[in-house]
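Novice: So I've got this file, upload11.cif, and it contains mmCIF, C-alpha atoms and all ligand atoms:
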data_coords
#
loop_
_atom_site.label_atom_id
_atom_site.label_comp_id
_atom_site.auth_asym_id
_atom_site.auth_seq_id
_atom_site.Cartn_x
_atom_site.Cartn_y
_atom_site.Cartn_z
CA MET A 3 13.29 8.88 19.41
CA ILE A 4 9.85 10.21 18.46
CA ASN A 5 8.21 11.95 21.40
CA LYS A 6 4.72 12.17 20.01
CA LEU A 7 3.63 10.07 17.06
CA VAL A 8 0.18 10.44 15.50
CA ILE A 9 -1.21 7.66 13.34
CA VAL A 10 -4.16 8.70 11.18
CA GLY A 11 -5.86 5.40 10.24
CA VAL A 12 -4.79 2.74 12.72
CA GLY A 13 -5.20 -0.24 10.41
CA LEU A 14 -2.85 -2.96 9.23
CA ILE A 15 -0.09 -0.58 8.09
CA GLY A 16 -0.50 2.28 10.59
CA GLY A 17 -1.00 -0.15 13.47
CA SER A 18 1.99 -2.29 12.50
CA LEU A 19 4.22 0.79 12.26
CA ALA A 20 3.10 1.86 15.75
CA LEU A 21 3.80 -1.62 17.15
CA ALA A 22 7.22 -1.86 15.48
CA LEU A 23 8.32 1.55 16.78
CA ARG A 24 7.02 0.76 20.25
CA GLN A 25 8.79 -2.61 20.26
CA ALA A 26 12.04 -0.85 19.25
CA GLY A 27 11.60 1.66 22.09
CA ALA A 28 11.67 4.45 19.49
CA VAL A 29 8.51 6.32 20.51
CA ARG A 30 7.20 7.85 23.76
CA GLU A 31 3.52 8.41 23.01
CA ILE A 32 1.29 7.20 20.18
CA ILE A 33 -2.05 8.87 19.44
CA GLY A 34 -4.51 7.22 17.06
CA VAL A 35 -7.05 9.07 14.95
CA GLY A 36 -9.44 7.40 12.52
CA ARG A 37 -12.90 6.77 11.26
CA SER A 38 -14.65 4.27 13.51
CA ARG A 39 -14.44 4.43 17.27
CA GLU A 40 -14.60 0.63 17.35
CA ASN A 41 -11.31 0.18 15.47
CA LEU A 42 -9.59 2.81 17.60
CA GLU A 43 -10.82 1.09 20.79
CA THR A 44 -9.41 -2.18 19.45
CA ALA A 45 -6.09 -0.42 18.75
CA ARG A 46 -5.98 0.91 22.30
CA ALA A 47 -6.97 -2.43 23.83
CA LEU A 48 -4.19 -4.15 21.86
CA GLY A 49 -1.61 -1.61 23.08
CA ILE A 50 -1.04 -0.23 19.56
CA ILE A 51 -1.88 3.33 20.60
CA ASP A 52 -1.72 5.03 23.99
CA ARG A 53 -4.78 7.15 23.44
CA ILE A 54 -7.49 8.02 20.94
CA GLY A 55 -7.26 11.57 19.60
CA THR A 56 -10.55 13.41 20.02
CA SER A 57 -9.81 15.19 16.74
CA LEU A 58 -6.97 15.68 14.29
CA ALA A 59 -6.52 19.17 15.79
CA ASP A 60 -6.05 17.74 19.28
CA ALA A 61 -3.77 14.94 18.07
CA ALA A 62 -1.61 17.14 15.85
CA HIS A 63 -0.75 19.52 18.69
CA GLU A 64 3.02 19.24 19.35
CA ALA A 65 3.31 16.07 17.27
CA ASP A 66 6.82 15.18 16.10
CA VAL A 67 5.63 12.88 13.34
CA ILE A 68 2.18 12.38 11.80
CA VAL A 69 1.68 9.29 9.64
CA LEU A 70 -1.25 9.29 7.22
CA ALA A 71 -2.24 5.62 6.93
CA VAL A 72 -5.76 5.90 5.50
CA PRO A 73 -6.82 4.67 2.01
CA VAL A 74 -5.37 6.97 -0.65
CA ALA A 75 -8.70 8.70 -1.46
CA ALA A 76 -9.03 9.62 2.23
CA MET A 77 -5.67 11.45 2.20
CA GLN A 78 -7.24 14.61 0.79
CA PRO A 79 -9.78 15.25 3.59
CA ALA A 80 -7.14 14.29 6.16
CA MET A 81 -4.61 16.77 4.74
CA ARG A 82 -7.23 19.49 4.38
CA GLU A 83 -8.06 19.24 8.07
CA LEU A 84 -4.45 18.80 9.10
CA ALA A 85 -3.40 21.98 7.30
CA LEU A 86 -5.36 24.02 9.85
CA HIS A 87 -3.55 22.56 12.85
CA LEU A 88 -0.04 21.66 11.72
CA ALA A 89 2.93 23.06 13.67
CA PRO A 90 5.90 24.06 11.44
CA ALA A 91 8.28 21.53 13.02
CA THR A 92 6.02 18.50 12.61
CA ILE A 93 7.06 15.96 10.00
CA VAL A 94 4.17 14.47 8.01
CA THR A 95 4.51 11.28 6.02
CA ASP A 96 2.12 8.84 4.38
CA VAL A 97 2.08 5.12 3.57
CA GLY A 98 -0.18 5.26 0.51
CA SER A 99 0.25 2.66 -2.23
CA THR A 100 0.21 5.35 -4.94
CA LYS A 101 2.37 8.42 -4.83
CA ARG A 102 1.55 10.96 -7.57
CA ASP A 103 -2.02 11.47 -6.29
CA VAL A 104 -0.94 11.79 -2.65
CA ILE A 105 1.74 14.32 -3.64
CA THR A 106 -0.84 16.29 -5.65
CA CYS A 107 -3.01 16.44 -2.50
CA ALA A 108 -0.07 17.59 -0.41
CA ARG A 109 0.78 20.32 -2.93
CA GLN A 110 -2.82 21.47 -2.81
CA HIS A 111 -3.47 21.29 0.92
CA LEU A 112 -0.06 21.54 2.60
CA PRO A 113 1.77 24.01 0.33
CA GLU A 114 3.46 25.70 3.30
CA HIS A 115 4.63 22.38 4.68
CA LEU A 116 6.22 20.67 1.66
CA GLY A 117 9.68 20.80 3.24
CA ARG A 118 8.42 18.43 5.92
CA PHE A 119 5.94 16.27 3.99
CA ILE A 120 7.81 13.09 3.05
CA PRO A 121 5.88 10.69 0.77
CA GLY A 122 6.44 7.00 1.49
CA HIS A 123 5.18 3.51 0.70
CA PRO A 124 6.10 0.40 2.71
CA ILE A 125 6.22 -2.64 0.41
CA ALA A 126 4.63 -4.96 2.91
CA GLY A 127 1.07 -5.91 3.49
CA ALA A 128 -1.54 -8.60 3.76
CA GLU A 129 -5.13 -9.23 2.73
CA LYS A 130 -6.25 -8.48 6.29
CA SER A 131 -7.16 -5.01 7.48
CA GLY A 132 -7.89 -3.03 10.62
CA ALA A 133 -6.02 -2.63 13.89
CA ALA A 134 -6.61 -6.27 14.85
CA ALA A 135 -4.53 -7.36 11.83
CA ALA A 136 -1.48 -5.26 12.82
CA PHE A 137 1.76 -6.95 13.88
CA ALA A 138 5.17 -5.59 14.86
CA ASN A 139 7.28 -7.59 12.40
CA LEU A 140 5.39 -6.62 9.24
CA PHE A 141 8.22 -4.43 7.93
CA GLN A 142 11.13 -6.63 8.99
CA GLY A 143 13.36 -7.29 5.97
CA ARG A 144 10.98 -5.42 3.63
CA ASN A 145 11.50 -2.41 1.37
CA VAL A 146 10.06 1.02 1.91
CA VAL A 147 10.02 3.39 -1.06
CA VAL A 148 10.36 7.09 -0.31
CA THR A 149 9.61 9.49 -3.18
CA PRO A 150 11.08 12.76 -1.89
CA LEU A 151 9.92 16.13 -3.17
CA PRO A 152 12.43 18.72 -4.39
CA GLU A 153 11.23 20.90 -1.48
CA ASN A 154 11.94 18.24 1.18
CA GLU A 155 14.34 19.12 3.98
CA THR A 156 17.18 16.61 4.14
CA GLU A 157 16.83 16.23 7.90
CA ALA A 158 13.12 15.37 7.60
CA VAL A 159 13.80 12.75 4.89
CA SER A 160 16.52 11.23 7.10
CA ARG A 161 14.18 11.04 10.08
CA ILE A 162 11.52 9.21 8.08
CA ALA A 163 14.13 6.89 6.59
CA SER A 164 15.48 6.07 10.04
CA MET A 165 11.93 5.55 11.35
CA TRP A 166 11.47 2.78 8.78
CA GLN A 167 14.96 1.37 9.33
CA THR A 168 14.10 1.11 13.04
CA CYS A 169 11.20 -1.15 11.97
CA GLY A 170 13.67 -3.43 10.15
CA ALA A 171 13.04 -2.12 6.63
CA THR A 172 15.39 -1.05 3.84
CA VAL A 173 14.64 2.38 2.40
CA ASN A 174 14.91 3.11 -1.35
CA THR A 175 14.19 6.41 -3.03
CA MET A 176 12.78 7.03 -6.51
CA SER A 177 10.49 9.46 -8.32
CA ALA A 178 6.76 9.23 -7.75
CA GLN A 179 6.24 8.65 -11.50
CA LYS A 180 8.59 5.67 -11.53
CA HIS A 181 7.04 4.33 -8.32
CA ASP A 182 3.53 4.40 -9.77
CA GLU A 183 4.64 2.76 -13.03
CA ILE A 184 6.48 -0.04 -11.21
CA PHE A 185 3.64 -0.80 -8.82
CA ALA A 186 1.03 -0.70 -11.59
CA ALA A 187 2.91 -3.63 -13.15
CA VAL A 188 3.83 -5.76 -10.14
CA SER A 189 1.06 -5.01 -7.66
CA HIS A 190 -1.98 -3.19 -9.04
CA LEU A 191 -2.37 -5.34 -12.18
CA PRO A 192 -2.11 -8.65 -10.24
CA HIS A 193 -4.74 -7.47 -7.76
CA LEU A 194 -7.07 -6.39 -10.58
CA LEU A 195 -6.62 -9.74 -12.35
CA SER A 196 -7.27 -11.66 -9.16
CA PHE A 197 -10.50 -9.75 -8.43
CA ALA A 198 -11.55 -10.15 -12.09
CA LEU A 199 -11.09 -13.92 -12.12
CA VAL A 200 -13.12 -14.47 -8.96
CA GLU A 201 -15.82 -12.09 -10.21
CA ASP A 202 -15.96 -13.95 -13.51
CA ILE A 203 -16.40 -17.35 -11.85
CA ALA A 204 -18.74 -16.13 -9.09
CA PHE A 205 -21.42 -14.85 -11.46
CA ARG A 206 -21.65 -17.87 -13.73
CA ALA A 207 -24.77 -20.00 -13.53
CA ASN A 208 -22.68 -22.98 -12.39
CA ALA A 209 -20.48 -20.98 -9.97
CA LYS A 210 -21.21 -23.30 -7.06
CA GLU A 211 -20.04 -26.32 -8.99
CA LEU A 212 -16.94 -24.50 -10.29
CA PHE A 213 -15.93 -23.35 -6.80
CA SER A 214 -16.45 -26.87 -5.44
CA TYR A 215 -13.63 -28.10 -7.71
CA ALA A 216 -11.33 -25.08 -7.32
CA ALA A 217 -8.12 -26.17 -5.61
CA GLY A 218 -4.59 -24.98 -4.82
CA GLY A 219 -3.92 -23.15 -8.10
CA PHE A 220 -7.14 -21.17 -7.84
CA ARG A 221 -6.47 -20.45 -4.16
CA ASP A 222 -2.94 -19.15 -4.87
CA PHE A 223 -3.97 -17.04 -7.85
CA THR A 224 -6.91 -15.48 -5.99
CA ARG A 225 -5.38 -15.00 -2.53
CA ILE A 226 -5.13 -11.25 -3.09
CA ALA A 227 -8.80 -11.02 -4.10
CA GLY A 228 -9.33 -11.26 -0.34
CA SER A 229 -7.89 -7.72 -0.05
CA HIS A 230 -9.84 -4.70 1.12
CA PRO A 231 -12.21 -3.54 -1.70
CA GLU A 232 -12.26 0.12 -0.62
CA MET A 233 -8.48 0.34 -0.44
CA TRP A 234 -8.06 -1.30 -3.85
CA ARG A 235 -10.76 0.83 -5.46
CA ASP A 236 -8.79 3.88 -4.38
CA ILE A 237 -5.43 2.50 -5.55
CA CYS A 238 -6.74 1.48 -8.98
CA LEU A 239 -8.44 4.83 -9.55
CA ALA A 240 -5.45 6.82 -8.30
CA ASN A 241 -3.08 5.01 -10.66
CA ARG A 242 -5.52 4.39 -13.50
CA ASP A 243 -3.39 5.72 -16.38
CA ALA A 244 -0.46 3.43 -15.55
CA LEU A 245 -2.82 0.56 -14.73
CA ILE A 246 -4.67 0.88 -18.04
CA ARG A 247 -1.32 0.68 -19.88
CA GLU A 248 -0.52 -2.49 -17.92
CA ILE A 249 -3.93 -4.01 -18.76
CA ASP A 250 -3.25 -3.33 -22.46
CA THR A 251 0.19 -4.94 -22.28
CA TYR A 252 -1.25 -7.96 -20.49
CA GLN A 253 -4.08 -8.14 -22.99
CA SER A 254 -1.48 -8.37 -25.79
CA GLN A 255 0.18 -11.24 -23.94
CA LEU A 256 -3.19 -13.02 -23.63
CA ASP A 257 -3.85 -12.43 -27.34
CA ARG A 258 -0.44 -13.93 -28.14
CA LEU A 259 -1.18 -17.03 -26.03
CA ARG A 260 -4.66 -17.27 -27.54
CA GLY A 261 -3.10 -17.28 -31.00
CA MET A 262 -0.79 -20.12 -29.99
CA LEU A 263 -3.77 -22.13 -28.76
CA GLU A 264 -5.67 -21.48 -32.00
CA GLN A 265 -2.64 -22.68 -33.95
CA SER A 266 -2.13 -25.64 -31.56
CA ASP A 267 1.39 -24.25 -31.26
CA GLY A 268 2.61 -26.32 -28.31
CA LYS A 269 6.28 -25.45 -28.93
CA SER A 270 5.69 -21.70 -28.49
CA LEU A 271 3.42 -22.24 -25.50
CA GLU A 272 6.05 -24.38 -23.80
CA GLU A 273 8.69 -21.72 -24.52
CA VAL A 274 6.58 -19.00 -22.87
CA PHE A 275 5.81 -21.19 -19.87
CA GLY A 276 9.51 -22.12 -19.60
CA HIS A 277 10.64 -18.47 -19.69
CA ALA A 278 8.06 -17.54 -17.10
CA ARG A 279 9.01 -20.42 -14.82
CA THR A 280 12.71 -19.55 -15.01
CA ALA A 281 12.08 -15.84 -14.46
CA ARG A 282 9.92 -16.58 -11.43
CA ALA A 283 12.51 -18.95 -9.93
CA GLU A 284 15.25 -16.33 -10.42
CA TRP A 285 13.09 -13.66 -8.83
CA LEU A 286 12.41 -15.89 -5.80
CA ALA A 287 16.10 -16.84 -5.48
CA GLY A 288 17.06 -13.14 -5.64
CA LYS A 289 14.54 -12.34 -2.94
CA GLN A 290 15.98 -15.03 -0.66
CA ASP A 291 19.52 -13.73 -1.20
CA SER A 292 18.62 -10.16 -0.27
P1 LIG B 1 -6.69 -0.75 6.73
O1 LIG B 1 -6.16 -1.85 7.56
O2 LIG B 1 -8.07 -0.83 6.19
O3 LIG B 1 -6.54 0.60 7.58
C1 LIG B 1 -6.99 1.82 7.10
C2 LIG B 1 -7.41 2.67 8.28
O4 LIG B 1 -7.88 3.90 7.79
C3 LIG B 1 -8.54 2.06 9.10
O5 LIG B 1 -8.26 2.28 10.46
C4 LIG B 1 -9.76 2.86 8.67
O6 LIG B 1 -10.69 3.06 9.69
C5 LIG B 1 -9.17 4.18 8.35
N1 LIG B 1 -9.97 4.85 7.32
C6 LIG B 1 -10.51 4.32 6.23
N2 LIG B 1 -11.15 5.25 5.54
C7 LIG B 1 -11.04 6.38 6.23
C8 LIG B 1 -11.51 7.66 6.04
N3 LIG B 1 -12.26 7.99 4.97
N4 LIG B 1 -11.20 8.60 6.97
C9 LIG B 1 -10.47 8.29 8.04
N5 LIG B 1 -10.00 7.06 8.29
C10 LIG B 1 -10.29 6.12 7.38
O7 LIG B 1 -5.75 -0.47 5.48
P2 LIG B 1 -4.17 -0.63 5.35
O8 LIG B 1 -3.90 -1.90 4.66
O9 LIG B 1 -3.54 -0.34 6.66
O10 LIG B 1 -3.87 0.52 4.31
C11 LIG B 1 -3.65 1.85 4.75
C12 LIG B 1 -2.82 2.59 3.71
O11 LIG B 1 -1.63 1.84 3.48
C13 LIG B 1 -3.50 2.74 2.35
O12 LIG B 1 -3.20 4.01 1.83
C14 LIG B 1 -2.84 1.67 1.50
O13 LIG B 1 -2.81 2.06 0.14
C15 LIG B 1 -1.46 1.60 2.11
N6 LIG B 1 -0.77 0.30 1.97
C16 LIG B 1 -1.44 -0.86 2.13
C17 LIG B 1 -0.76 -2.06 2.00
C18 LIG B 1 -1.46 -3.38 2.16
O14 LIG B 1 -1.04 -4.36 1.55
N7 LIG B 1 -2.50 -3.48 2.96
C19 LIG B 1 0.61 -2.06 1.75
C20 LIG B 1 1.28 -0.84 1.65
C21 LIG B 1 0.57 0.35 1.76
P3 LIG B 1 -11.87 1.99 9.98
O15 LIG B 1 -11.16 0.80 10.54
O16 LIG B 1 -12.71 2.67 10.98
O17 LIG B 1 -12.53 1.72 8.66
#
Can you present the structure in this file as structure tokens?
Specialist:
Amino acid sequence: MINKLVIVGVGLIGGSLALALRQAGAVREIIGVGRSRENLETARALGIIDRIGTSLADAAHEADVIVLAVPVAAMQPAMRELALHLAPATIVTDVGSTKRDVITCARQHLPEHLGRFIPGHPIAGAEKSGAAAAFANLFQGRNVVVTPLPENETEAVSRIASMWQTCGATVNTMSAQKHDEIFAAVSHLPHLLSFALVEDIAFRANAKELFSYAAGGFRDFTRIAGSHPEMWRDICLANRDALIREIDTYQSQLDRLRGMLEQSDGKSLEEVFGHARTARAEWLAGKQDS
């Protein structure tokens, strides 16, 4: 049971966490802090939070758990302010999509609190954002990656792990370096490619005509280009070294396919497409099993 939970950034992820914990009866009071009053009013009207914190100082007072659920570039100002008001017993965690940068911020701004700062990343999301997009089942059956620090207190890590398990998630732990490399490949690169394709089409002279014929394949490939630009700007910049390596690897794959087209090498093309189709089917089957 969490007596007082503070969510900093009551959007899709922070709001869904609040709803899931409330639905599970695992929290007594939820305070929301954020940027726009309008979003916080929505969160209160929807029963996501009990009250709006007048400031981080007011909200942090006697908090059991504080969850930082703002875009990753906004973690630094949040931690800087939090450092002035944090009680020693409070556990702080985050939900940021990149981990090395958030940990660097914590080392800089919460050096006295590293035992109780537990970095996390729920692998669940949607293209929608804000409190109105939050829903209680978002984390049901999903993974949450925790990247513990050597300084972390075991009890604090366990409490954050059980918080996510209460929401229906499975918790895995790994290093922040490995986390950022994995998600550069399977999340950040696909988002970048999706934004790039839409951008490429949208600024052509005949964009209107092209879009008028775009159908299911284009819709599926570009679904994630509907994601929040500010959030994805921050993620791409925070993980830019790993993401640049992934762009280079992908570029080599494109060059390879381009070469096959130049050579009219249908056999090789079909082989690549066949491998990819099989690998995707196996991935989907594995997901359904788990
Ligand atoms: P979101 O729905 O846009 O929510 C972000 C919240 O943070 C909003 O309430 C926003 O307030 C507030 N905020 C934005 N900038 C701020 C700032 N500079 N200072 C204070 N508050 C600020 O985004 P989200 O999808 O929940 O993402 C939140 C975090 O979860 C990010 O770190 C993201 O990397 C991570 N994450 C996202 C996903 C996903 O797929 N969406 C998945 C896993 C993890 P306003 O509403 O007033 O702008």
Novice: Applying 9 Å and only C-alpha atoms, which residues near region 162-166 of chain A remain after dropping the ones on its own chain fewer than 3 positions away? List them as a list of chain:residue names.
Specialist: A:Met3, A:Ile4, A:Leu19, A:Leu23, A:Ala28, A:Val67, A:Ile93, A:Thr95, A:Ile120, A:Gly122, A:Pro124, A:Phe141, A:Val146, A:Val148, A:Glu157, A:Ala158, A:Val159, A:Cys169, A:Gly170, A:Ala171, A:Thr172, A:Val173, A:Asn174
Novice: Using only C-alpha atoms and all ligand atoms, pick whichever of A:Gly132, A:Pro113, A:Gly288, A:Gly34 has the shortest atom-to-atom distance to ligand LIG 1 (chain B).
Specialist: A:Gly132
Novice: Could you list, as a ChimeraX atom specification, all the residues within 8 Å of ligand LIG 1 (chain B), counting all atoms listed in the file?
Specialist: /A:10-17,35-42,70-77,79-80,96-100,123-133,135-136,229-230,233-234,236-237
Novice: Generate the output file for the selected residues, C-alpha atoms, as a PDB file, keeping the file's coordinate frame.
Specialist:
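Output file selection.pdb follows:
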ATOM      1  CA  VAL A  10      -4.160   8.700  11.180  1.00  0.00           C
ATOM      2  CA  GLY A  11      -5.860   5.400  10.240  1.00  0.00           C
ATOM      3  CA  VAL A  12      -4.790   2.740  12.720  1.00  0.00           C
ATOM      4  CA  GLY A  13      -5.200  -0.240  10.410  1.00  0.00           C
ATOM      5  CA  LEU A  14      -2.850  -2.960   9.230  1.00  0.00           C
ATOM      6  CA  ILE A  15      -0.090  -0.580   8.090  1.00  0.00           C
ATOM      7  CA  GLY A  16      -0.500   2.280  10.590  1.00  0.00           C
ATOM      8  CA  GLY A  17      -1.000  -0.150  13.470  1.00  0.00           C
ATOM      9  CA  VAL A  35      -7.050   9.070  14.950  1.00  0.00           C
ATOM     10  CA  GLY A  36      -9.440   7.400  12.520  1.00  0.00           C
ATOM     11  CA  ARG A  37     -12.900   6.770  11.260  1.00  0.00           C
ATOM     12  CA  SER A  38     -14.650   4.270  13.510  1.00  0.00           C
ATOM     13  CA  ARG A  39     -14.440   4.430  17.270  1.00  0.00           C
ATOM     14  CA  GLU A  40     -14.600   0.630  17.350  1.00  0.00           C
ATOM     15  CA  ASN A  41     -11.310   0.180  15.470  1.00  0.00           C
ATOM     16  CA  LEU A  42      -9.590   2.810  17.600  1.00  0.00           C
ATOM     17  CA  LEU A  70      -1.250   9.290   7.220  1.00  0.00           C
ATOM     18  CA  ALA A  71      -2.240   5.620   6.930  1.00  0.00           C
ATOM     19  CA  VAL A  72      -5.760   5.900   5.500  1.00  0.00           C
ATOM     20  CA  PRO A  73      -6.820   4.670   2.010  1.00  0.00           C
ATOM     21  CA  VAL A  74      -5.370   6.970  -0.650  1.00  0.00           C
ATOM     22  CA  ALA A  75      -8.700   8.700  -1.460  1.00  0.00           C
ATOM     23  CA  ALA A  76      -9.030   9.620   2.230  1.00  0.00           C
ATOM     24  CA  MET A  77      -5.670  11.450   2.200  1.00  0.00           C
ATOM     25  CA  PRO A  79      -9.780  15.250   3.590  1.00  0.00           C
ATOM     26  CA  ALA A  80      -7.140  14.290   6.160  1.00  0.00           C
ATOM     27  CA  ASP A  96       2.120   8.840   4.380  1.00  0.00           C
ATOM     28  CA  VAL A  97       2.080   5.120   3.570  1.00  0.00           C
ATOM     29  CA  GLY A  98      -0.180   5.260   0.510  1.00  0.00           C
ATOM     30  CA  SER A  99       0.250   2.660  -2.230  1.00  0.00           C
ATOM     31  CA  THR A 100       0.210   5.350  -4.940  1.00  0.00           C
ATOM     32  CA  HIS A 123       5.180   3.510   0.700  1.00  0.00           C
ATOM     33  CA  PRO A 124       6.100   0.400   2.710  1.00  0.00           C
ATOM     34  CA  ILE A 125       6.220  -2.640   0.410  1.00  0.00           C
ATOM     35  CA  ALA A 126       4.630  -4.960   2.910  1.00  0.00           C
ATOM     36  CA  GLY A 127       1.070  -5.910   3.490  1.00  0.00           C
ATOM     37  CA  ALA A 128      -1.540  -8.600   3.760  1.00  0.00           C
ATOM     38  CA  GLU A 129      -5.130  -9.230   2.730  1.00  0.00           C
ATOM     39  CA  LYS A 130      -6.250  -8.480   6.290  1.00  0.00           C
ATOM     40  CA  SER A 131      -7.160  -5.010   7.480  1.00  0.00           C
ATOM     41  CA  GLY A 132      -7.890  -3.030  10.620  1.00  0.00           C
ATOM     42  CA  ALA A 133      -6.020  -2.630  13.890  1.00  0.00           C
ATOM     43  CA  ALA A 135      -4.530  -7.360  11.830  1.00  0.00           C
ATOM     44  CA  ALA A 136      -1.480  -5.260  12.820  1.00  0.00           C
ATOM     45  CA  SER A 229      -7.890  -7.720  -0.050  1.00  0.00           C
ATOM     46  CA  HIS A 230      -9.840  -4.700   1.120  1.00  0.00           C
ATOM     47  CA  MET A 233      -8.480   0.340  -0.440  1.00  0.00           C
ATOM     48  CA  TRP A 234      -8.060  -1.300  -3.850  1.00  0.00           C
ATOM     49  CA  ASP A 236      -8.790   3.880  -4.380  1.00  0.00           C
ATOM     50  CA  ILE A 237      -5.430   2.500  -5.550  1.00  0.00           C
TER      51      ILE A 237
END
Novice: For Leu48 (chain A), which residue among A:Ala89, A:Ala138, A:Ala65, A:Arg279 is the nearest when counting all atoms listed in the file?
Specialist: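 Under the stated criterion, the closest residue is A:Ala138.
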Novice: Which residue gives the smallest distance to Leu112 (chain A) among A:Gln78, A:Ser160, A:Ser177, A:Asn208, with only C-alpha atoms counted?
Specialist: A:Gln78
Novice: Please list as an mmCIF file with C-alpha atoms, in the coordinates of the input every residue within 8 Å of region 244-254 of chain A, counting all atoms listed in the file and excluding residues in the same chain fewer than 4 positions away.
Specialist:
data_model
loop_
_atom_site.group_PDB
_atom_site.id
_atom_site.type_symbol
_atom_site.label_atom_id
_atom_site.label_comp_id
_atom_site.auth_asym_id
_atom_site.auth_seq_id
_atom_site.Cartn_x
_atom_site.Cartn_y
_atom_site.Cartn_z
ATOM 1 C CA ASP A 182 3.530 4.400 -9.770
ATOM 2 C CA GLU A 183 4.640 2.760 -13.030
ATOM 3 C CA ALA A 186 1.030 -0.700 -11.590
ATOM 4 C CA ALA A 187 2.910 -3.630 -13.150
ATOM 5 C CA HIS A 190 -1.980 -3.190 -9.040
ATOM 6 C CA LEU A 191 -2.370 -5.340 -12.180
ATOM 7 C CA CYS A 238 -6.740 1.480 -8.980
ATOM 8 C CA ARG A 258 -0.440 -13.930 -28.140
#
Novice: Which value, in Å to one decimal, gives the distance between CA of Cys107 (chain A) and CA of Arg46 (chain A)?
Specialist: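 We find that CA of Cys107 (chain A) and CA of Arg46 (chain A) lie 29.4 Å from each other.
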Novice: Distance CA of Thr280 (chain A)-CA of Leu259 (chain A), one decimal place?
Specialist: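 Rounded to one decimal, the two atoms are 17.9 Å apart.
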